[in-house]
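Enquirer: File follows, work-v3.cif with mmCIF, C-alpha atoms:
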```
data_target
#
loop_
_atom_site.label_atom_id
_atom_site.label_comp_id
_atom_site.auth_asym_id
_atom_site.auth_seq_id
_atom_site.Cartn_x
_atom_site.Cartn_y
_atom_site.Cartn_z
CA MET F 486 153.07 97.28 34.37
CA ARG F 487 149.90 99.35 33.91
CA GLY F 488 149.10 97.49 30.72
CA LEU F 489 149.72 94.16 32.39
CA ILE F 490 147.43 95.06 35.27
CA GLY F 491 144.75 96.18 32.81
CA VAL F 492 144.91 92.80 31.09
CA ALA F 493 144.90 91.05 34.45
CA LEU F 494 141.84 92.95 35.64
CA ALA F 495 139.91 92.16 32.48
CA ALA F 496 140.76 88.47 32.66
CA ALA F 497 139.94 88.21 36.36
CA VAL F 498 136.48 89.67 35.88
CA VAL F 499 135.70 87.51 32.89
CA VAL F 500 136.70 84.37 34.76
CA GLY F 501 135.00 85.50 37.94
CA PRO F 502 134.27 83.35 40.98
CA VAL F 503 135.28 79.74 40.73
CA ALA F 504 132.50 77.46 39.48
CA GLY F 505 133.27 73.77 39.46
CA PRO F 506 133.33 71.58 36.35
CA ALA F 507 129.94 70.25 35.38
CA ALA F 508 131.07 67.36 33.19
CA ALA F 509 129.99 64.72 35.69
CA GLU F 510 126.42 65.97 35.90
CA GLY F 511 125.33 64.75 32.45
CA THR F 512 125.64 65.97 28.90
CA ILE F 513 126.08 69.65 28.14
CA ARG F 514 122.50 69.84 26.92
CA GLN F 515 121.20 68.13 30.07
CA GLN F 516 122.97 70.72 32.23
CA GLN F 517 121.20 73.65 30.57
CA TRP F 518 118.58 73.91 33.29
CA HIS F 519 117.12 77.14 31.99
CA LEU F 520 115.81 75.50 28.80
CA GLU F 521 113.48 73.19 30.70
CA ALA F 522 112.60 75.94 33.19
CA MET F 523 111.55 78.13 30.26
CA HIS F 524 109.62 75.32 28.54
CA ALA F 525 111.86 75.51 25.50
CA PRO F 526 110.89 72.12 23.99
CA GLU F 527 107.24 73.15 24.10
CA MET F 528 107.95 76.57 22.57
CA TRP F 529 109.96 75.01 19.77
CA ARG F 530 106.83 73.26 18.55
CA THR F 531 105.50 76.73 17.73
CA THR F 532 108.65 78.60 16.78
CA LYS F 533 112.42 78.45 17.10
CA GLY F 534 112.87 82.08 16.15
CA GLN F 535 113.06 81.53 12.41
CA GLY F 536 112.98 84.66 10.28
CA ILE F 537 114.53 86.85 12.99
CA VAL F 538 118.05 88.28 12.93
CA VAL F 539 119.63 89.03 16.32
CA ALA F 540 122.72 91.23 16.27
CA VAL F 541 125.17 90.35 19.05
CA VAL F 542 127.60 93.14 19.98
CA ASP F 543 130.61 91.66 21.76
CA GLY F 544 134.36 91.15 21.77
CA GLY F 545 134.61 88.50 19.05
CA PHE F 546 133.19 85.13 17.99
CA ASP F 547 134.26 81.59 17.21
CA LEU F 548 132.52 81.20 13.87
CA GLU F 549 133.50 77.54 13.63
CA HIS F 550 132.20 76.22 16.94
CA PRO F 551 130.22 73.02 16.22
CA ASP F 552 127.16 74.42 18.00
CA LEU F 553 127.21 77.62 15.95
CA VAL F 554 128.28 76.62 12.44
CA GLY F 555 125.67 77.92 10.02
CA GLN F 556 124.11 80.28 12.55
CA PHE F 557 126.17 83.38 11.69
CA LEU F 558 125.53 85.93 9.00
CA PRO F 559 128.51 87.89 7.66
CA GLY F 560 129.36 90.32 10.44
CA ARG F 561 131.58 93.31 10.89
CA ASP F 562 134.53 94.24 13.07
CA PHE F 563 134.36 97.67 14.71
CA SER F 564 137.18 97.01 17.19
CA GLY F 565 140.14 98.07 15.09
CA SER F 566 142.03 94.97 16.25
CA ALA F 567 143.65 92.34 14.08
CA GLY F 568 141.91 89.14 13.10
CA GLY F 569 138.40 90.27 12.25
CA VAL F 570 135.03 89.35 13.71
CA GLY F 571 135.99 85.66 13.91
CA THR F 572 138.76 86.33 16.42
CA SER F 573 137.79 86.33 20.10
CA GLY F 574 139.92 87.49 22.98
CA ASP F 575 137.87 85.93 25.76
CA GLY F 576 135.14 83.78 24.22
CA HIS F 577 132.37 85.93 25.66
CA GLY F 578 130.71 86.67 22.32
CA THR F 579 130.67 82.97 21.46
CA GLU F 580 128.85 82.26 24.71
CA MET F 581 126.20 84.89 24.10
CA ALA F 582 125.61 83.68 20.54
CA SER F 583 125.34 80.12 21.87
CA LEU F 584 122.72 81.04 24.47
CA ILE F 585 120.65 82.67 21.76
CA ALA F 586 121.04 80.38 18.75
CA GLY F 587 123.16 77.33 19.64
CA THR F 588 122.12 74.24 17.67
CA GLY F 589 123.42 71.60 20.10
CA LYS F 590 125.12 69.75 17.21
CA GLY F 591 128.42 69.55 19.05
CA LEU F 592 129.48 66.45 20.96
CA GLY F 593 127.45 64.20 18.73
CA GLY F 594 124.28 66.20 19.16
CA THR F 595 124.50 66.70 22.92
CA GLY F 596 126.09 70.15 22.83
CA ALA F 597 124.74 73.52 23.96
CA LYS F 598 121.46 74.68 22.54
CA GLY F 599 120.18 78.22 22.39
CA LEU F 600 116.72 79.31 23.45
CA ALA F 601 115.97 80.38 19.85
CA PRO F 602 117.98 78.02 17.62
CA GLY F 603 116.14 79.16 14.51
CA VAL F 604 117.43 82.75 14.54
CA ARG F 605 120.42 83.98 12.62
CA ILE F 606 123.18 85.82 14.47
CA LEU F 607 124.75 88.98 13.10
CA PRO F 608 128.15 89.08 14.86
CA LEU F 609 129.46 92.59 15.52
CA LYS F 610 132.85 92.87 17.17
CA ILE F 611 133.84 95.78 19.41
CA ASN F 612 136.84 96.51 21.58
CA ASN F 613 135.64 95.67 25.08
CA GLY F 614 139.12 95.61 26.59
CA SER F 615 139.33 91.81 26.57
CA VAL F 616 142.61 89.94 26.32
CA GLY F 617 144.10 90.15 22.86
CA VAL F 618 141.95 93.08 21.75
CA GLY F 619 143.78 95.93 23.47
CA PRO F 620 143.02 98.93 25.70
CA VAL F 621 139.81 100.83 25.19
CA THR F 622 138.59 104.35 25.97
CA SER F 623 135.05 105.35 26.78
CA SER F 624 134.74 107.12 23.44
CA GLY F 625 135.98 104.03 21.64
CA PHE F 626 133.65 101.73 23.56
CA LEU F 627 130.45 103.75 23.20
CA GLY F 628 131.35 104.88 19.69
CA GLN F 629 131.85 101.31 18.52
CA ILE F 630 128.59 100.23 20.11
CA GLY F 631 126.87 103.06 18.27
CA GLY F 632 128.45 102.02 14.99
CA ALA F 633 127.44 98.41 15.59
CA ILE F 634 123.83 99.36 16.33
CA THR F 635 123.58 101.46 13.18
CA TYR F 636 125.05 98.65 11.09
CA ALA F 637 122.68 96.12 12.66
CA VAL F 638 119.68 98.29 11.78
CA ASP F 639 120.88 98.67 8.19
CA GLN F 640 121.32 94.90 7.91
CA GLY F 641 117.76 94.18 8.99
CA ALA F 642 118.32 92.95 12.54
CA ARG F 643 115.16 93.05 14.65
CA VAL F 644 116.94 92.61 18.00
CA VAL F 645 120.30 93.97 19.17
CA SER F 646 121.76 92.13 22.15
CA ILE F 647 124.54 93.93 24.06
CA SER F 648 125.98 91.96 26.98
CA GLN F 649 128.40 94.76 27.77
CA GLY F 650 128.48 97.74 30.08
CA MET F 651 130.57 100.69 31.25
CA ASN F 652 130.20 102.67 34.47
CA ALA F 653 127.94 105.59 33.62
CA ALA F 654 130.27 107.95 35.52
CA VAL F 655 133.11 107.39 33.04
CA PRO F 656 131.91 108.57 29.57
CA LEU F 657 131.85 112.24 28.67
CA PRO F 658 128.47 113.93 27.99
CA GLY F 659 129.18 114.21 24.26
CA GLU F 660 129.87 110.50 24.00
CA VAL F 661 126.62 109.66 25.75
CA ALA F 662 124.66 112.12 23.62
CA GLY F 663 126.06 110.52 20.47
CA LEU F 664 125.00 107.03 21.52
CA ASN F 665 121.59 108.31 22.64
CA GLY F 666 121.06 109.64 19.14
CA VAL F 667 121.96 106.29 17.60
CA ILE F 668 119.60 104.45 19.94
CA ALA F 669 116.74 106.84 19.20
CA ALA F 670 117.28 106.37 15.46
CA ALA F 671 117.28 102.59 15.86
CA ARG F 672 114.06 102.69 17.84
CA ALA F 673 112.47 104.88 15.18
CA ARG F 674 113.27 102.15 12.66
CA GLY F 675 111.64 99.49 14.80
CA VAL F 676 114.63 97.76 16.40
CA LEU F 677 114.60 96.40 19.95
CA ILE F 678 117.82 96.93 21.91
CA LEU F 679 118.60 94.95 25.07
CA ALA F 680 121.65 95.32 27.30
CA SER F 681 122.92 93.94 30.59
CA ALA F 682 122.05 95.86 33.75
CA GLY F 683 125.46 95.02 35.27
CA ASN F 684 126.92 92.80 37.97
CA SER F 685 127.86 95.39 40.57
CA ALA F 686 124.88 95.36 42.93
CA GLN F 687 127.26 94.61 45.81
CA GLU F 688 129.83 97.16 44.66
CA GLY F 689 127.90 100.40 44.84
CA ASN F 690 125.30 99.46 42.21
CA PRO F 691 126.51 101.97 39.59
CA VAL F 692 124.45 102.53 36.47
CA GLU F 693 126.11 101.09 33.37
CA TYR F 694 125.82 102.24 29.77
CA PRO F 695 124.32 101.33 27.40
CA GLY F 696 121.89 99.47 29.74
CA GLY F 697 121.06 102.67 31.63
CA LEU F 698 120.31 104.75 28.54
CA PRO F 699 116.79 105.67 27.41
CA GLY F 700 115.40 103.33 24.82
CA VAL F 701 117.52 100.38 25.95
CA VAL F 702 115.92 97.43 27.75
CA ALA F 703 118.12 96.68 30.77
CA VAL F 704 118.07 93.03 31.85
CA GLY F 705 118.88 91.67 35.31
CA ALA F 706 119.87 88.11 36.21
CA SER F 707 117.79 85.56 38.11
CA ASP F 708 118.65 82.26 39.76
CA ARG F 709 116.89 78.92 39.49
CA SER F 710 114.13 80.05 41.85
CA GLY F 711 113.42 83.20 39.84
CA ALA F 712 114.92 85.55 42.41
CA ALA F 713 117.40 88.21 41.36
CA THR F 714 120.99 87.11 41.87
CA GLU F 715 123.02 88.96 44.49
CA GLU F 716 125.31 90.48 41.86
CA SER F 717 122.54 91.67 39.55
CA ALA F 718 122.30 95.47 39.40
CA TYR F 719 119.01 97.01 40.44
CA GLY F 720 117.06 100.21 40.01
CA PRO F 721 114.32 101.77 37.90
CA ARG F 722 116.26 100.94 34.75
CA VAL F 723 115.69 97.16 35.11
CA ALA F 724 112.87 96.00 32.80
CA PHE F 725 112.86 92.34 33.80
CA VAL F 726 115.16 89.47 34.72
CA ALA F 727 116.13 86.26 32.94
CA PRO F 728 118.18 83.19 33.91
CA GLY F 729 121.76 84.17 34.72
CA GLN F 730 123.12 81.60 37.16
CA ASP F 731 124.89 78.28 36.50
CA MET F 732 124.57 78.84 32.78
CA ILE F 733 126.16 76.28 30.44
CA ASP F 734 127.06 77.41 26.93
CA ALA F 735 129.45 77.01 24.05
CA CYS F 736 132.71 78.93 24.36
CA THR F 737 136.34 78.95 23.27
CA SER F 738 137.80 76.90 26.15
CA PRO F 739 139.69 73.67 25.33
CA SER F 740 136.55 71.68 26.14
CA GLY F 741 134.41 73.99 24.02
CA TYR F 742 131.98 74.68 26.87
CA CYS F 743 131.78 76.99 29.87
CA LYS F 744 129.76 77.43 33.02
CA GLY F 745 129.08 81.04 33.96
CA HIS F 746 126.78 83.62 35.43
CA GLY F 747 125.81 87.24 35.13
CA THR F 748 123.49 89.74 33.56
CA SER F 749 125.22 89.21 30.23
CA HIS F 750 123.87 85.66 30.11
CA ALA F 751 120.45 86.95 31.13
CA THR F 752 120.53 89.52 28.33
CA ALA F 753 121.21 86.83 25.74
CA VAL F 754 118.30 84.75 27.07
CA ALA F 755 115.98 87.76 27.07
CA SER F 756 117.04 88.64 23.52
CA ALA F 757 116.25 85.09 22.41
CA SER F 758 112.88 85.40 24.15
CA ALA F 759 112.08 88.52 22.13
CA ALA F 760 113.12 86.73 18.94
CA LEU F 761 110.75 83.84 19.66
CA VAL F 762 107.79 86.15 20.22
CA TRP F 763 108.61 88.24 17.17
CA SER F 764 108.97 85.14 15.01
CA ALA F 765 105.46 84.07 16.00
CA HIS F 766 104.09 87.59 15.39
CA PRO F 767 106.22 89.15 12.64
CA GLU F 768 103.64 91.88 12.10
CA TRP F 769 104.20 93.31 15.59
CA THR F 770 106.43 96.29 16.28
CA ALA F 771 109.28 96.39 18.79
CA ASN F 772 106.97 98.23 21.19
CA GLN F 773 104.39 95.46 21.00
CA VAL F 774 106.92 92.66 21.43
CA LEU F 775 108.39 94.37 24.48
CA ARG F 776 104.95 95.16 25.92
CA VAL F 777 103.90 91.52 25.68
CA LEU F 778 107.14 90.36 27.31
CA ILE F 779 106.51 92.79 30.17
CA ASN F 780 102.83 91.88 30.53
CA THR F 781 103.55 88.15 30.61
CA ALA F 782 106.53 88.35 32.96
CA ASP F 783 106.23 86.70 36.37
CA GLY F 784 105.76 89.92 38.32
CA PRO F 785 106.48 90.49 42.01
CA LYS F 786 104.38 88.35 44.33
CA ASP F 787 103.28 91.36 46.38
CA GLY F 788 101.20 92.68 43.49
CA SER F 789 103.18 95.90 43.19
CA GLY F 790 103.67 95.46 39.45
CA ARG F 791 107.43 95.90 39.50
CA THR F 792 110.39 96.20 41.85
CA ASP F 793 113.85 97.62 41.37
CA ARG F 794 115.34 94.15 41.84
CA LEU F 795 113.13 92.21 39.43
CA GLY F 796 111.72 94.91 37.20
CA TYR F 797 108.44 93.48 35.96
CA GLY F 798 109.57 89.98 36.86
CA SER F 799 111.03 86.95 35.11
CA VAL F 800 110.65 86.97 31.36
CA ARG F 801 108.35 84.14 30.22
CA PRO F 802 108.26 83.77 26.44
CA TRP F 803 106.29 80.52 26.71
CA VAL F 804 103.39 82.45 28.25
CA ALA F 805 103.79 85.20 25.66
CA LEU F 806 103.41 82.62 22.89
CA VAL F 807 100.37 80.89 24.36
CA ALA F 808 98.53 83.83 25.89
CA PRO F 809 100.10 87.10 24.71
CA GLY F 810 97.07 89.25 25.41
CA ASP F 811 96.64 92.64 23.78
CA PRO F 812 100.00 93.83 22.38
CA GLY F 813 98.77 97.41 22.63
CA PRO F 814 99.51 100.33 20.32
CA ALA F 815 102.28 99.83 17.79
CA ASP F 816 103.86 103.25 18.22
CA VAL F 817 103.74 103.75 22.01
CA PRO F 818 106.83 102.64 23.99
CA PRO F 819 105.90 100.50 27.02
CA LEU F 820 108.88 101.84 28.98
CA PRO F 821 109.97 105.44 29.62
CA VAL F 822 112.50 106.70 27.08
CA ALA F 823 112.66 110.37 28.08
CA GLU F 824 115.83 110.39 30.13
CA ALA F 825 118.75 108.24 31.18
CA ALA F 826 118.63 106.26 34.39
CA THR F 827 120.43 107.41 37.51
CA PRO F 828 122.07 105.26 40.19
CA THR F 829 119.74 103.93 42.89
CA THR F 830 122.57 104.18 45.41
CA PRO F 831 125.07 106.88 44.43
CA SER F 832 128.59 105.65 44.99
CA SER F 833 132.11 106.39 43.89
CA THR F 834 132.79 102.65 43.67
CA PRO F 835 133.59 101.75 40.06
CA SER F 836 131.87 98.91 38.24
CA SER F 837 133.71 95.64 37.92
CA MET F 838 135.78 96.58 34.87
CA ALA F 839 135.50 100.37 34.73
CA PRO F 840 137.56 102.84 36.79
CA ALA F 841 136.26 105.87 38.63
CA PRO F 842 135.85 109.10 36.64
CA SER F 843 139.02 110.71 35.34
CA SER F 844 139.78 114.20 34.11
CA SER F 845 141.36 112.72 31.03
CA PRO F 846 139.00 112.07 28.10
CA LYS F 847 141.25 109.17 27.11
CA ALA F 848 141.26 107.58 30.54
CA ASP F 849 141.43 103.80 30.49
CA ALA F 850 137.83 102.66 30.97
CA SER F 851 137.62 98.94 30.38
CA PRO F 852 133.97 97.90 30.15
CA SER F 853 132.32 95.00 31.90
CA CYS F 854 131.12 91.97 30.01
CA GLY F 855 128.19 91.73 32.37
CA GLY F 856 129.06 88.16 33.26
CA SER F 857 131.63 85.69 34.50
CA VAL F 858 132.65 82.38 33.00
CA LEU F 859 134.77 79.39 33.85
CA PRO F 860 135.77 76.90 31.14
CA LEU F 861 134.80 73.42 32.21
CA ALA F 862 137.83 71.62 33.64
CA ALA F 863 139.93 74.78 33.33
CA GLY F 864 142.24 74.73 36.33
CA VAL F 865 144.92 76.64 34.46
CA VAL F 866 142.60 79.58 33.92
CA VAL F 867 141.73 79.63 37.61
CA ALA F 868 145.40 79.78 38.49
CA LEU F 869 145.93 82.68 36.10
CA ALA F 870 142.98 84.48 37.64
CA ALA F 871 144.60 84.18 41.05
CA VAL F 872 147.79 85.77 39.71
CA PHE F 873 145.78 88.56 38.10
CA ALA F 874 143.93 89.18 41.34
CA VAL F 875 147.24 89.63 43.17
CA LEU F 876 148.36 92.17 40.58
CA TRP F 877 145.09 94.07 40.99
CA ARG F 878 145.46 94.17 44.78
CA ARG F 879 148.98 95.55 44.38
CA ARG F 880 147.65 98.27 42.12
CA ALA F 881 144.91 99.17 44.58
CA ALA F 882 147.46 99.49 47.38
CA GLN F 883 149.59 101.98 45.45
#
```
Would it be possible to restate this file's structure as structure tokens?
Expert:
Amino acid sequence: MRGLIGVALAAAVVVGPVAGPAAAEGTIRQQQWHLEAMHAPEMWRTTKGQGIVVAVVDGGFDLEHPDLVGQFLPGRDFSGSAGGVGTSGDGHGTEMASLIAGTGKGLGGTGAKGLAPGVRILPLKINNGSVGVGPVTSSGFLGQIGGAITYAVDQGARVVSISQGMNAAVPLPGEVAGLNGVIAAARARGVLILASAGNSAQEGNPVEYPGGLPGVVAVGASDRSGAATEESAYGPRVAFVAPGQDMIDACTSPSGYCKGHGTSHATAVASASAALVWSAHPEWTANQVLRVLINTADGPKDGSGRTDRLGYGSVRPWVALVAPGDPGPADVPPLPVAEAATPTTPSSTPSSMAPAPSSSPKADASPSCGGSVLPLAAGVVVALAAVFAVLWRRRAAQ
């Protein structure tokens, strides 16, 4: 029963709140509002991200999706599960890859396009507790992320995109120290690491790792107006926000496309933004790319420079390409990297897919995907989510 509830909890969070089918609103490409909002067609005249490898760390990938065929480099499976990197338990990794590098070739050329369709994706599979992958411990989760980051660096990735997170209260100090060392080594070799800030702003706003670790760029989610979404985690760890509401992307649903929301989607968009800037300025360092993204972000209207909700504002790669300004020193980080972030509002409330701290080092600690998705026209999945929610309520009452 415990295992069943664990699977149910993971599935319920991945599916998330019901979002209606979008098929009647136009083609998949026409529904990707964020591409026009971010002036993607104009940016693509300058660069589509060619020459940049983005490593995506997630629960698996559909390597044969029509919008992603030809976009993947040979990846690696760190999850220990059967099936390899091309097997996905929940489709989340496929979505993130699509938001970054989708070609739109599906559906006769009207499929989902990524913000940086010229980049190559290095798919790195971890055990994130999704359906079909199996239970995960905090040591397994953070350890696999560390292994994936190291592999990405060795394979020449410039950007590592991690749309995953675990409640910072769960891992043991040694596990965190190990991942901190990996991140520091990656930074020393010039790699930019971005991760989702989390979707638990209304549930105690716990810090999530790896997004709350020093050296990682934590990304929040914004809506169509540029405001932070209600679910988007906040605090000093947030660098900036990116579109993360009503996002349409390629996935593993029967239709091949999903509509979702969350800081995971925002992280993928921000990672693609970094790839675009780096493609246009390959001589820049990670520090300079990040500094330009921060300097060109749409900062708070009150002139304060940053807020805990928006960070330095909405990421705007189109401005960074046209008027980047001075990228600054190559070897000076634009964000503090001295110590890990702490919760803005301390709370014992666990994050969406991670339990409260346990005395057992092997305590079940399913991570959050940092987002929620609903396959288009997927009524069956909604029904399953309702059943899972009932199981979770029963568990909470025990």
Enquirer: Exactly which residues make up the result of the PyMOL selection byres ((chain F and resi 785) around 10) on this file, given as a PDB file with C-alpha atoms, in the coordinates of the input?
Expert:
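Written file, expr_29.pdb:
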```pdb
ATOM      1  CA  ALA F 712     114.920  85.550  42.410  1.00  0.00           C
ATOM      2  CA  ALA F 782     106.530  88.350  32.960  1.00  0.00           C
ATOM      3  CA  ASP F 783     106.230  86.700  36.370  1.00  0.00           C
ATOM      4  CA  GLY F 784     105.760  89.920  38.320  1.00  0.00           C
ATOM      5  CA  LYS F 786     104.380  88.350  44.330  1.00  0.00           C
ATOM      6  CA  ASP F 787     103.280  91.360  46.380  1.00  0.00           C
ATOM      7  CA  GLY F 788     101.200  92.680  43.490  1.00  0.00           C
ATOM      8  CA  SER F 789     103.180  95.900  43.190  1.00  0.00           C
ATOM      9  CA  GLY F 790     103.670  95.460  39.450  1.00  0.00           C
ATOM     10  CA  ARG F 791     107.430  95.900  39.500  1.00  0.00           C
ATOM     11  CA  THR F 792     110.390  96.200  41.850  1.00  0.00           C
ATOM     12  CA  ARG F 794     115.340  94.150  41.840  1.00  0.00           C
ATOM     13  CA  LEU F 795     113.130  92.210  39.430  1.00  0.00           C
ATOM     14  CA  GLY F 796     111.720  94.910  37.200  1.00  0.00           C
ATOM     15  CA  TYR F 797     108.440  93.480  35.960  1.00  0.00           C
ATOM     16  CA  GLY F 798     109.570  89.980  36.860  1.00  0.00           C
ATOM     17  CA  SER F 799     111.030  86.950  35.110  1.00  0.00           C
TER      18      SER F 799
END
```
Enquirer: So the first atom is atom CA of Ala682 of chain F and the second is atom CA of Ser615 of chain F; what is the distance between them in Å, to one decimal place?
Expert: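 Computing it gives 19.1 Å between the two atoms.
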Enquirer: Just the residues within 9 Å of Ser583 of chain F, please, counting all atoms listed in the file, with nothing from its chain fewer than 2 positions along; format it as a PDB file with C-alpha atoms, keeping the file's coordinate frame.
Expert:
```
ATOM      1  CA  ASP F 552     127.160  74.420  18.000  1.00  0.00           C
ATOM      2  CA  LEU F 553     127.210  77.620  15.950  1.00  0.00           C
ATOM      3  CA  GLY F 578     130.710  86.670  22.320  1.00  0.00           C
ATOM      4  CA  THR F 579     130.670  82.970  21.460  1.00  0.00           C
ATOM      5  CA  GLU F 580     128.850  82.260  24.710  1.00  0.00           C
ATOM      6  CA  MET F 581     126.200  84.890  24.100  1.00  0.00           C
ATOM      7  CA  ILE F 585     120.650  82.670  21.760  1.00  0.00           C
ATOM      8  CA  ALA F 586     121.040  80.380  18.750  1.00  0.00           C
ATOM      9  CA  GLY F 587     123.160  77.330  19.640  1.00  0.00           C
ATOM     10  CA  THR F 588     122.120  74.240  17.670  1.00  0.00           C
ATOM     11  CA  GLY F 589     123.420  71.600  20.100  1.00  0.00           C
ATOM     12  CA  ALA F 597     124.740  73.520  23.960  1.00  0.00           C
ATOM     13  CA  LYS F 598     121.460  74.680  22.540  1.00  0.00           C
ATOM     14  CA  GLY F 599     120.180  78.220  22.390  1.00  0.00           C
ATOM     15  CA  LEU F 600     116.720  79.310  23.450  1.00  0.00           C
ATOM     16  CA  PRO F 602     117.980  78.020  17.620  1.00  0.00           C
ATOM     17  CA  ASP F 734     127.060  77.410  26.930  1.00  0.00           C
ATOM     18  CA  ALA F 735     129.450  77.010  24.050  1.00  0.00           C
ATOM     19  CA  CYS F 736     132.710  78.930  24.360  1.00  0.00           C
ATOM     20  CA  ALA F 753     121.210  86.830  25.740  1.00  0.00           C
TER      21      ALA F 753
END
```
Enquirer: What does the distance from atom CA of Ala673 of chain F to atom CA of Ile606 of chain F come to in Å, to one decimal?
Expert: 21.9 Å
Enquirer: Given the file above and the PyMOL selection byres ((chain F and resi 718) around 6), which residues are selected, and can you give them as a list in words?
Expert: Ala682, Gly683, Asn684, Ser685, Ala686, Asn690, Ser717 and Tyr719 of chain F
Enquirer: Under the rule that only C-alpha atoms are counted, which of F:Asn652, F:Gly568, F:Gly603, F:Ala680 is the nearest residue to Thr532 of chain F?
Expert: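 Closest to Thr532 of chain F, using only C-alpha atoms: F:Gly603.
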Enquirer: Evaluating the PyMOL selection byres ((chain F and resi 695) around 12) on the displayed file yields which residues, as a VMD selection string?
Expert: chain F and resid 542 623 626 to 631 634 645 to 653 656 660 to 665 667 to 668 678 to 683 692 to 694 696 to 704 722 825 to 826 852 to 855
Enquirer: Restricting it to C-alpha atoms, dump the selection as a compact mmCIF listing (two decimals), keeping the file's coordinate frame.
Expert:
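The resulting file, selection.txt, is shown below:
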```txt
# COMPACT_ATOMS: atom_id res chain seq x y z
CA VAL F 542 127.60 93.14 19.98
CA SER F 623 135.05 105.35 26.78
CA PHE F 626 133.65 101.73 23.56
CA LEU F 627 130.45 103.75 23.20
CA GLY F 628 131.35 104.88 19.69
CA GLN F 629 131.85 101.31 18.52
CA ILE F 630 128.59 100.23 20.11
CA GLY F 631 126.87 103.06 18.27
CA ILE F 634 123.83 99.36 16.33
CA VAL F 645 120.30 93.97 19.17
CA SER F 646 121.76 92.13 22.15
CA ILE F 647 124.54 93.93 24.06
CA SER F 648 125.98 91.96 26.98
CA GLN F 649 128.40 94.76 27.77
CA GLY F 650 128.48 97.74 30.08
CA MET F 651 130.57 100.69 31.25
CA ASN F 652 130.20 102.67 34.47
CA ALA F 653 127.94 105.59 33.62
CA PRO F 656 131.91 108.57 29.57
CA GLU F 660 129.87 110.50 24.00
CA VAL F 661 126.62 109.66 25.75
CA ALA F 662 124.66 112.12 23.62
CA GLY F 663 126.06 110.52 20.47
CA LEU F 664 125.00 107.03 21.52
CA ASN F 665 121.59 108.31 22.64
CA VAL F 667 121.96 106.29 17.60
CA ILE F 668 119.60 104.45 19.94
CA ILE F 678 117.82 96.93 21.91
CA LEU F 679 118.60 94.95 25.07
CA ALA F 680 121.65 95.32 27.30
CA SER F 681 122.92 93.94 30.59
CA ALA F 682 122.05 95.86 33.75
CA GLY F 683 125.46 95.02 35.27
CA VAL F 692 124.45 102.53 36.47
CA GLU F 693 126.11 101.09 33.37
CA TYR F 694 125.82 102.24 29.77
CA GLY F 696 121.89 99.47 29.74
CA GLY F 697 121.06 102.67 31.63
CA LEU F 698 120.31 104.75 28.54
CA PRO F 699 116.79 105.67 27.41
CA GLY F 700 115.40 103.33 24.82
CA VAL F 701 117.52 100.38 25.95
CA VAL F 702 115.92 97.43 27.75
CA ALA F 703 118.12 96.68 30.77
CA VAL F 704 118.07 93.03 31.85
CA ARG F 722 116.26 100.94 34.75
CA ALA F 825 118.75 108.24 31.18
CA ALA F 826 118.63 106.26 34.39
CA PRO F 852 133.97 97.90 30.15
CA SER F 853 132.32 95.00 31.90
CA CYS F 854 131.12 91.97 30.01
CA GLY F 855 128.19 91.73 32.37
```
Enquirer: Could you list, as a PyMOL selection string, every residue within 10 Å of Lys610 of chain F, counting all atoms listed in the file and ignoring same-chain residues fewer than 4 positions away?
Expert: chain F and resi 541-546+560-566+569-573+578+629-630+633
Enquirer: For the selection just defined, write its residues with C-alpha atoms to a file, as a short mmCIF file (atom, residue, chain, number, x, y, z; two decimals), keeping the file's coordinate frame.
Expert:
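Just written: out04.cif:
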```cif
data_model
loop_
_atom_site.label_atom_id
_atom_site.label_comp_id
_atom_site.auth_asym_id
_atom_site.auth_seq_id
_atom_site.Cartn_x
_atom_site.Cartn_y
_atom_site.Cartn_z
CA VAL F 541 125.17 90.35 19.05
CA VAL F 542 127.60 93.14 19.98
CA ASP F 543 130.61 91.66 21.76
CA GLY F 544 134.36 91.15 21.77
CA GLY F 545 134.61 88.50 19.05
CA PHE F 546 133.19 85.13 17.99
CA GLY F 560 129.36 90.32 10.44
CA ARG F 561 131.58 93.31 10.89
CA ASP F 562 134.53 94.24 13.07
CA PHE F 563 134.36 97.67 14.71
CA SER F 564 137.18 97.01 17.19
CA GLY F 565 140.14 98.07 15.09
CA SER F 566 142.03 94.97 16.25
CA GLY F 569 138.40 90.27 12.25
CA VAL F 570 135.03 89.35 13.71
CA GLY F 571 135.99 85.66 13.91
CA THR F 572 138.76 86.33 16.42
CA SER F 573 137.79 86.33 20.10
CA GLY F 578 130.71 86.67 22.32
CA GLN F 629 131.85 101.31 18.52
CA ILE F 630 128.59 100.23 20.11
CA ALA F 633 127.44 98.41 15.59
#
```
Enquirer: So, counting only C-alpha atoms, which residue among F:Pro608, F:Pro691, F:Pro767, F:Pro620 is closest to Gln535 of chain F?
Expert: F:Pro767
Enquirer: Could you check which of F:His524, F:Arg674, F:Arg776, F:Arg514 is closest to Leu820 of chain F, using all atoms listed in the file?
Expert: F:Arg776
Enquirer: Using only C-alpha atoms, can you tell me which of F:Thr531, F:Ala540, F:Trp518, F:Ala525 comes closest to Leu806 of chain F?
Expert: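 Counting only C-alpha atoms, the residue closest to Leu806 of chain F is F:Thr531.
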Enquirer: Using only C-alpha atoms, can you tell me which of F:Ile779, F:Ala808, F:Glu527, F:Val604 comes closest to Gln556 of chain F?
Expert: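 Among the listed residues, F:Val604 lies closest to Gln556 of chain F.
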Enquirer: Please determine, counting all atoms listed in the file, which residue among F:Val676, F:Asp708, F:Val726, F:Gly741 has the shortest atom-to-atom distance to Pro818 of chain F.
Expert: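 Counting all atoms listed in the file, the residue closest to Pro818 of chain F is F:Val676.
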